[in-house]
Structure formats: C-alpha cells, structure tokens
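Novice: The structure's right below; bear with me while I get my questions together.
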Amino acid sequence: WERFGSNGKKLLAYKSWVINNISRQEREAVSLVDAIIAVSEMDREVFLTLYGVEDEKVTVIPWGVDVDKYRFHSMDDKELAKESLGLLGKKVVVFSGTLYEPNVEAVRFILDMAGGFGMDTLFLIVGRVGEAFRGDSLPNVRFTGFVDDPVKYFAAADVGVNPMQSGGGMHLKMLEYLSSGLPTVTTELGARGFRRPWEDYMMIPDMKGFSLAVRSMLEDVTLREHYGAKGRGVVEEFYTWDMVARERIRVYEGLLTSRDLGS
C-alpha cells in the first residue's frame, strides 16, 4: 500500500488514511491472537520486524494446491487444448492473475516483452488483471478476462511466467503452474514461499534476463520437460492441501494443549 498509494512522492490523502488504518488493525490483531500463520519466511520476517511479534508466535505454512484438478498434461492434451482455444501452431506463454496492482505491474512488463517475440508466440493473460488493459491491443497477446476455471488455459500453455516485482505472500498461480507440469520462469520475488533451492525446479532470471529465459524455455523441449516434471514432483511432495492441513492441525493442537495446561 505504501508503494502503490503514492502519486510521485506525495502520498494521496485517502490512501494515507487507508494505510494508517490497515497498520492499526494489523497491530491490534497480532497483539490479540495466540498464533500467526505466515505463508512465507519473508512474511514472517515482516511480522517480527514491523510489529515486534514474539518469534515463537509465527509459524510458516505455505499455501497448497489441488493436484488432481491441476494435473500434468501430455503433449496430446496440449494439442487438444490449443485446438479448443484456437491456438494450434502457437507457442503459448501464460500469466494468471487477479486485478491487483503487483499483477498489473507484471503484465505491463509482459506486454513490453511480447514485442520482442514473433507471431508464433502468444502471451495469454488469464483473469481479471486484464481489466486494467482495456483498449490495449497487441497481435501476440490475448486477454481472457475473468474465468471460472483456468485449467484449460494452463493445459494449452507451454510456459508459465511470473515476473513479479512487488507484493507479499505466496502466489497461488505458481502452485497451479507447477502442479500443471508447466515449466515456470519467475523472479526471485515471485518464488517467495517456495522451498529452496528454487533453481532445481524453476528458472529464476533477473528482469533483464527474463525475456531470454522465456525464449530458451520455448525453444528447448528437453528443458521444458525437465522443469515441468521437476516442478510437478516438488508440488506432490510438499504442497498438496493434505500436507498443508496436517501442518495447520499441528498448530491448532498445540494451542489447545497450551490452553488445557493453563499456559
């Protein structure tokens, strides 16, 4: 909010009011609760440093993903999905996002990047983030707008991208890409909340090298297969909802035990 609430160097008055209220409410909340669940180590550090929360009060438990819904797609599956969307013969790069300023910032970057690719590559922007770009038109970019279910778009994609430069939390889109077997190119910030070493299962370039990384992934089938399989494997091992639920239950049981003991 502090970053996106300013107009140049001047903080807009109503956004300043919002920021102050958010800060007050967050501070009250963290002082009243018995436990805090953060979805990434980065967010945990924010709680500790911004609000002086006791170290033992904050537990990191990531988001999860439905690995049956977001499943690995074969090459035949991809061809069928592309045909259904009118994308046969295209290399498809997907970005998925809600109408949220860090996502809008990422799409601006994608639009700039898209100009350097030929018409055989289509950048598919899935979700409400496209509402920020009404009237914008590029021949190799398609906006879907809001969709009930992004699965068919992930099935048609060859590469998932996440060029995030701001924001917090952990990105569900990343879990959905990886669970779908999509080789993924992301910034380091976009990979927050995921197990290291990131480089084992996703490509992490800086912003200057992002376009080259996407191009490398599109041009090398072996590379795509490697990252696609690795990413899916990591999700199955660490990020199913069953695993996330077990971690959360442990936190809840710990709280109940402490209460029973009167501590």
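In the structure tokens, chains take letters A, B, ... by order of appearance, with residues numbered from 1 within each chain and ligands from 1 in the order shown.
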Could you list, as a PyMOL selection string, every residue within 8 Å of Asp200 in chain A, counting only C-alpha atoms and ignoring same-chain residues fewer than 3 positions away?
Specialist: chain A and resi 197+227+230
Novice: So that I have them on file, write out the residues from the current selection with N, CA and C atoms, as an mmCIF file, in the first residue's frame.
Specialist:
```cif
data_model
loop_
_atom_site.group_PDB
_atom_site.id
_atom_site.type_symbol
_atom_site.label_atom_id
_atom_site.label_comp_id
_atom_site.auth_asym_id
_atom_site.auth_seq_id
_atom_site.Cartn_x
_atom_site.Cartn_y
_atom_site.Cartn_z
ATOM 1 N N PRO A 197 16.543 -25.305 -2.936
ATOM 2 C CA PRO A 197 16.953 -24.358 -3.982
ATOM 3 C C PRO A 197 15.919 -24.256 -5.098
ATOM 4 N N TYR A 227 11.987 -29.097 -16.429
ATOM 5 C CA TYR A 227 11.406 -28.219 -15.415
ATOM 6 C C TYR A 227 9.951 -28.582 -15.122
ATOM 7 N N LYS A 230 10.077 -31.693 -12.814
ATOM 8 C CA LYS A 230 10.639 -31.328 -11.509
ATOM 9 C C LYS A 230 9.634 -30.539 -10.681
#
```
Novice: Residues of range 21-185 of chain A classed as helix (DSSP H, G or I) by DSSP on the backbone are to be reported as an MDAnalysis selection string.
Specialist: chainID A and resid 21:32 41:51 55:57 75:84 101:114 128:133 151:156 172:179
Novice: Pull C-alpha atoms from the residues just selected and write them as a PDB file, in the first residue's frame.
Specialist:
```pdb
ATOM      1  CA  ASN A  21      -5.995   2.096   9.409  1.00  0.00           C
ATOM      2  CA  ILE A  22      -4.508  -1.105   7.983  1.00  0.00           C
ATOM      3  CA  SER A  23      -1.445  -0.660  10.185  1.00  0.00           C
ATOM      4  CA  ARG A  24      -3.554  -0.018  13.300  1.00  0.00           C
ATOM      5  CA  GLN A  25      -5.801  -3.026  12.673  1.00  0.00           C
ATOM      6  CA  GLU A  26      -2.873  -5.332  11.923  1.00  0.00           C
ATOM      7  CA  ARG A  27      -1.069  -4.222  15.067  1.00  0.00           C
ATOM      8  CA  GLU A  28      -4.175  -4.837  17.192  1.00  0.00           C
ATOM      9  CA  ALA A  29      -4.750  -8.233  15.573  1.00  0.00           C
ATOM     10  CA  VAL A  30      -1.227  -9.568  16.089  1.00  0.00           C
ATOM     11  CA  SER A  31      -1.273  -8.451  19.725  1.00  0.00           C
ATOM     12  CA  LEU A  32      -4.561 -10.251  20.445  1.00  0.00           C
ATOM     13  CA  GLU A  41       9.624 -16.678   5.518  1.00  0.00           C
ATOM     14  CA  MET A  42       9.568 -13.173   4.030  1.00  0.00           C
ATOM     15  CA  ASP A  43       6.128 -12.512   5.507  1.00  0.00           C
ATOM     16  CA  ARG A  44       7.217 -13.987   8.831  1.00  0.00           C
ATOM     17  CA  GLU A  45      10.103 -11.529   8.998  1.00  0.00           C
ATOM     18  CA  VAL A  46       7.687  -8.663   8.330  1.00  0.00           C
ATOM     19  CA  PHE A  47       5.560  -9.667  11.334  1.00  0.00           C
ATOM     20  CA  LEU A  48       8.648  -9.912  13.533  1.00  0.00           C
ATOM     21  CA  THR A  49      10.239  -6.633  12.487  1.00  0.00           C
ATOM     22  CA  LEU A  50       7.216  -4.413  11.754  1.00  0.00           C
ATOM     23  CA  TYR A  51       5.118  -5.359  14.775  1.00  0.00           C
ATOM     24  CA  ASP A  55       9.393 -15.335  17.399  1.00  0.00           C
ATOM     25  CA  GLU A  56       7.512 -18.433  18.619  1.00  0.00           C
ATOM     26  CA  LYS A  57       4.140 -16.903  17.776  1.00  0.00           C
ATOM     27  CA  MET A  75       1.695 -33.273 -25.434  1.00  0.00           C
ATOM     28  CA  ASP A  76      -1.513 -34.721 -26.896  1.00  0.00           C
ATOM     29  CA  ASP A  77      -3.515 -32.984 -24.142  1.00  0.00           C
ATOM     30  CA  LYS A  78      -1.810 -29.715 -25.029  1.00  0.00           C
ATOM     31  CA  GLU A  79      -2.609 -30.003 -28.704  1.00  0.00           C
ATOM     32  CA  LEU A  80      -6.262 -30.653 -27.929  1.00  0.00           C
ATOM     33  CA  ALA A  81      -6.392 -27.725 -25.506  1.00  0.00           C
ATOM     34  CA  LYS A  82      -4.743 -25.415 -28.055  1.00  0.00           C
ATOM     35  CA  GLU A  83      -7.176 -26.531 -30.733  1.00  0.00           C
ATOM     36  CA  SER A  84     -10.149 -25.797 -28.470  1.00  0.00           C
ATOM     37  CA  GLU A 101      -1.525  -3.767  -8.585  1.00  0.00           C
ATOM     38  CA  PRO A 102       1.559  -6.054  -8.428  1.00  0.00           C
ATOM     39  CA  ASN A 103      -0.107  -8.261 -11.084  1.00  0.00           C
ATOM     40  CA  VAL A 104      -0.844  -5.186 -13.220  1.00  0.00           C
ATOM     41  CA  GLU A 105       2.829  -4.217 -12.921  1.00  0.00           C
ATOM     42  CA  ALA A 106       3.833  -7.729 -14.037  1.00  0.00           C
ATOM     43  CA  VAL A 107       1.525  -7.599 -17.077  1.00  0.00           C
ATOM     44  CA  ARG A 108       2.987  -4.235 -18.126  1.00  0.00           C
ATOM     45  CA  PHE A 109       6.354  -5.963 -18.166  1.00  0.00           C
ATOM     46  CA  ILE A 110       4.929  -8.872 -20.194  1.00  0.00           C
ATOM     47  CA  LEU A 111       3.454  -6.500 -22.782  1.00  0.00           C
ATOM     48  CA  ASP A 112       6.846  -4.831 -23.239  1.00  0.00           C
ATOM     49  CA  MET A 113       8.486  -8.252 -23.527  1.00  0.00           C
ATOM     50  CA  ALA A 114       5.908  -9.576 -26.015  1.00  0.00           C
ATOM     51  CA  ARG A 128      -9.320 -10.083 -14.089  1.00  0.00           C
ATOM     52  CA  VAL A 129      -5.894  -8.425 -14.270  1.00  0.00           C
ATOM     53  CA  GLY A 130      -6.720  -7.890 -17.962  1.00  0.00           C
ATOM     54  CA  GLU A 131      -9.360  -5.323 -16.964  1.00  0.00           C
ATOM     55  CA  ALA A 132      -6.543  -2.849 -16.343  1.00  0.00           C
ATOM     56  CA  PHE A 133      -5.609  -3.060 -20.041  1.00  0.00           C
ATOM     57  CA  VAL A 151      -7.283 -25.274 -16.131  1.00  0.00           C
ATOM     58  CA  LYS A 152      -7.861 -25.341 -19.904  1.00  0.00           C
ATOM     59  CA  TYR A 153      -5.543 -22.347 -20.343  1.00  0.00           C
ATOM     60  CA  PHE A 154      -2.790 -23.996 -18.326  1.00  0.00           C
ATOM     61  CA  ALA A 155      -3.327 -27.169 -20.360  1.00  0.00           C
ATOM     62  CA  ALA A 156      -2.736 -25.183 -23.576  1.00  0.00           C
ATOM     63  CA  LEU A 172      -1.288 -19.468  -5.958  1.00  0.00           C
ATOM     64  CA  LYS A 173      -0.596 -19.078  -9.673  1.00  0.00           C
ATOM     65  CA  MET A 174       2.866 -20.520  -9.108  1.00  0.00           C
ATOM     66  CA  LEU A 175       1.447 -23.614  -7.407  1.00  0.00           C
ATOM     67  CA  GLU A 176      -1.064 -24.002 -10.234  1.00  0.00           C
ATOM     68  CA  TYR A 177       1.642 -23.676 -12.912  1.00  0.00           C
ATOM     69  CA  LEU A 178       3.912 -26.206 -11.229  1.00  0.00           C
ATOM     70  CA  SER A 179       1.114 -28.650 -10.423  1.00  0.00           C
TER      71      SER A 179
END
```
Novice: So that I can check the secondary structure, give me every residue of range 94-247 of chain A assigned strand (DSSP E) by backbone DSSP, as a PDB file with N, CA, C and O atoms, in the first residue's frame.
Specialist:
```
ATOM      1  N   VAL A  94       1.783 -18.297 -20.512  1.00  0.00           N
ATOM      2  CA  VAL A  94       0.618 -17.906 -19.721  1.00  0.00           C
ATOM      3  C   VAL A  94       1.016 -17.140 -18.462  1.00  0.00           C
ATOM      4  O   VAL A  94       2.034 -17.428 -17.838  1.00  0.00           O
ATOM      5  N   PHE A  95       0.193 -16.144 -18.137  1.00  0.00           N
ATOM      6  CA  PHE A  95       0.260 -15.455 -16.844  1.00  0.00           C
ATOM      7  C   PHE A  95      -1.153 -15.378 -16.325  1.00  0.00           C
ATOM      8  O   PHE A  95      -2.091 -15.029 -17.046  1.00  0.00           O
ATOM      9  N   SER A  96      -1.346 -15.690 -15.056  1.00  0.00           N
ATOM     10  CA  SER A  96      -2.673 -15.681 -14.453  1.00  0.00           C
ATOM     11  C   SER A  96      -2.677 -14.736 -13.271  1.00  0.00           C
ATOM     12  O   SER A  96      -1.730 -14.722 -12.477  1.00  0.00           O
ATOM     13  N   THR A 121       4.468 -16.927 -31.213  1.00  0.00           N
ATOM     14  CA  THR A 121       4.364 -16.994 -29.753  1.00  0.00           C
ATOM     15  C   THR A 121       3.201 -16.136 -29.291  1.00  0.00           C
ATOM     16  O   THR A 121       3.098 -14.964 -29.659  1.00  0.00           O
ATOM     17  N   LEU A 122       2.323 -16.712 -28.468  1.00  0.00           N
ATOM     18  CA  LEU A 122       1.185 -15.974 -27.929  1.00  0.00           C
ATOM     19  C   LEU A 122       1.318 -15.864 -26.413  1.00  0.00           C
ATOM     20  O   LEU A 122       1.549 -16.861 -25.735  1.00  0.00           O
ATOM     21  N   PHE A 123       1.158 -14.651 -25.906  1.00  0.00           N
ATOM     22  CA  PHE A 123       1.149 -14.412 -24.463  1.00  0.00           C
ATOM     23  C   PHE A 123      -0.312 -14.360 -24.010  1.00  0.00           C
ATOM     24  O   PHE A 123      -1.076 -13.494 -24.439  1.00  0.00           O
ATOM     25  N   LEU A 124      -0.678 -15.284 -23.144  1.00  0.00           N
ATOM     26  CA  LEU A 124      -2.058 -15.452 -22.716  1.00  0.00           C
ATOM     27  C   LEU A 124      -2.189 -14.916 -21.289  1.00  0.00           C
ATOM     28  O   LEU A 124      -1.580 -15.447 -20.359  1.00  0.00           O
ATOM     29  N   ILE A 125      -2.966 -13.839 -21.118  1.00  0.00           N
ATOM     30  CA  ILE A 125      -3.152 -13.206 -19.810  1.00  0.00           C
ATOM     31  C   ILE A 125      -4.520 -13.616 -19.290  1.00  0.00           C
ATOM     32  O   ILE A 125      -5.555 -13.183 -19.796  1.00  0.00           O
ATOM     33  N   VAL A 126      -4.525 -14.465 -18.261  1.00  0.00           N
ATOM     34  CA  VAL A 126      -5.752 -15.075 -17.759  1.00  0.00           C
ATOM     35  C   VAL A 126      -6.188 -14.379 -16.472  1.00  0.00           C
ATOM     36  O   VAL A 126      -5.392 -14.180 -15.556  1.00  0.00           O
ATOM     37  N   VAL A 141      -0.786 -10.976 -28.009  1.00  0.00           N
ATOM     38  CA  VAL A 141      -1.239 -11.011 -26.612  1.00  0.00           C
ATOM     39  C   VAL A 141      -2.752 -11.186 -26.598  1.00  0.00           C
ATOM     40  O   VAL A 141      -3.469 -10.507 -27.332  1.00  0.00           O
ATOM     41  N   ARG A 142      -3.235 -12.120 -25.774  1.00  0.00           N
ATOM     42  CA  ARG A 142      -4.678 -12.306 -25.630  1.00  0.00           C
ATOM     43  C   ARG A 142      -5.061 -12.196 -24.160  1.00  0.00           C
ATOM     44  O   ARG A 142      -4.457 -12.825 -23.300  1.00  0.00           O
ATOM     45  N   PHE A 143      -6.079 -11.391 -23.868  1.00  0.00           N
ATOM     46  CA  PHE A 143      -6.628 -11.265 -22.525  1.00  0.00           C
ATOM     47  C   PHE A 143      -7.922 -12.062 -22.447  1.00  0.00           C
ATOM     48  O   PHE A 143      -8.813 -11.898 -23.279  1.00  0.00           O
ATOM     49  N   THR A 144      -8.059 -12.908 -21.438  1.00  0.00           N
ATOM     50  CA  THR A 144      -9.282 -13.690 -21.288  1.00  0.00           C
ATOM     51  C   THR A 144     -10.320 -12.965 -20.447  1.00  0.00           C
ATOM     52  O   THR A 144     -11.509 -13.267 -20.541  1.00  0.00           O
ATOM     53  N   GLY A 145      -9.889 -12.031 -19.587  1.00  0.00           N
ATOM     54  CA  GLY A 145     -10.797 -11.504 -18.579  1.00  0.00           C
ATOM     55  C   GLY A 145     -11.049 -12.566 -17.528  1.00  0.00           C
ATOM     56  O   GLY A 145     -10.354 -13.585 -17.458  1.00  0.00           O
ATOM     57  N   VAL A 159       4.660 -22.576 -21.311  1.00  0.00           N
ATOM     58  CA  VAL A 159       5.483 -21.995 -20.250  1.00  0.00           C
ATOM     59  C   VAL A 159       4.605 -21.103 -19.380  1.00  0.00           C
ATOM     60  O   VAL A 159       3.750 -20.364 -19.898  1.00  0.00           O
ATOM     61  N   GLY A 160       4.794 -21.163 -18.067  1.00  0.00           N
ATOM     62  CA  GLY A 160       4.151 -20.233 -17.146  1.00  0.00           C
ATOM     63  C   GLY A 160       5.147 -19.180 -16.709  1.00  0.00           C
ATOM     64  O   GLY A 160       6.320 -19.495 -16.471  1.00  0.00           O
ATOM     65  N   VAL A 161       4.707 -17.919 -16.625  1.00  0.00           N
ATOM     66  CA  VAL A 161       5.619 -16.841 -16.214  1.00  0.00           C
ATOM     67  C   VAL A 161       5.033 -16.091 -15.016  1.00  0.00           C
ATOM     68  O   VAL A 161       3.823 -15.994 -14.849  1.00  0.00           O
ATOM     69  N   ASN A 162       5.948 -15.527 -14.218  1.00  0.00           N
ATOM     70  CA  ASN A 162       5.553 -14.769 -13.029  1.00  0.00           C
ATOM     71  C   ASN A 162       6.578 -13.665 -12.767  1.00  0.00           C
ATOM     72  O   ASN A 162       7.338 -13.731 -11.805  1.00  0.00           O
ATOM     73  N   THR A 184       8.307 -23.189 -15.446  1.00  0.00           N
ATOM     74  CA  THR A 184       7.981 -21.861 -14.931  1.00  0.00           C
ATOM     75  C   THR A 184       9.200 -20.958 -14.876  1.00  0.00           C
ATOM     76  O   THR A 184      10.260 -21.360 -14.387  1.00  0.00           O
ATOM     77  N   VAL A 185       9.020 -19.735 -15.379  1.00  0.00           N
ATOM     78  CA  VAL A 185      10.051 -18.692 -15.302  1.00  0.00           C
ATOM     79  C   VAL A 185       9.518 -17.607 -14.376  1.00  0.00           C
ATOM     80  O   VAL A 185       8.429 -17.074 -14.594  1.00  0.00           O
ATOM     81  N   THR A 186      10.259 -17.298 -13.329  1.00  0.00           N
ATOM     82  CA  THR A 186       9.787 -16.341 -12.336  1.00  0.00           C
ATOM     83  C   THR A 186      10.939 -15.505 -11.806  1.00  0.00           C
ATOM     84  O   THR A 186      12.108 -15.886 -11.934  1.00  0.00           O
TER      85      THR A 186
END
```
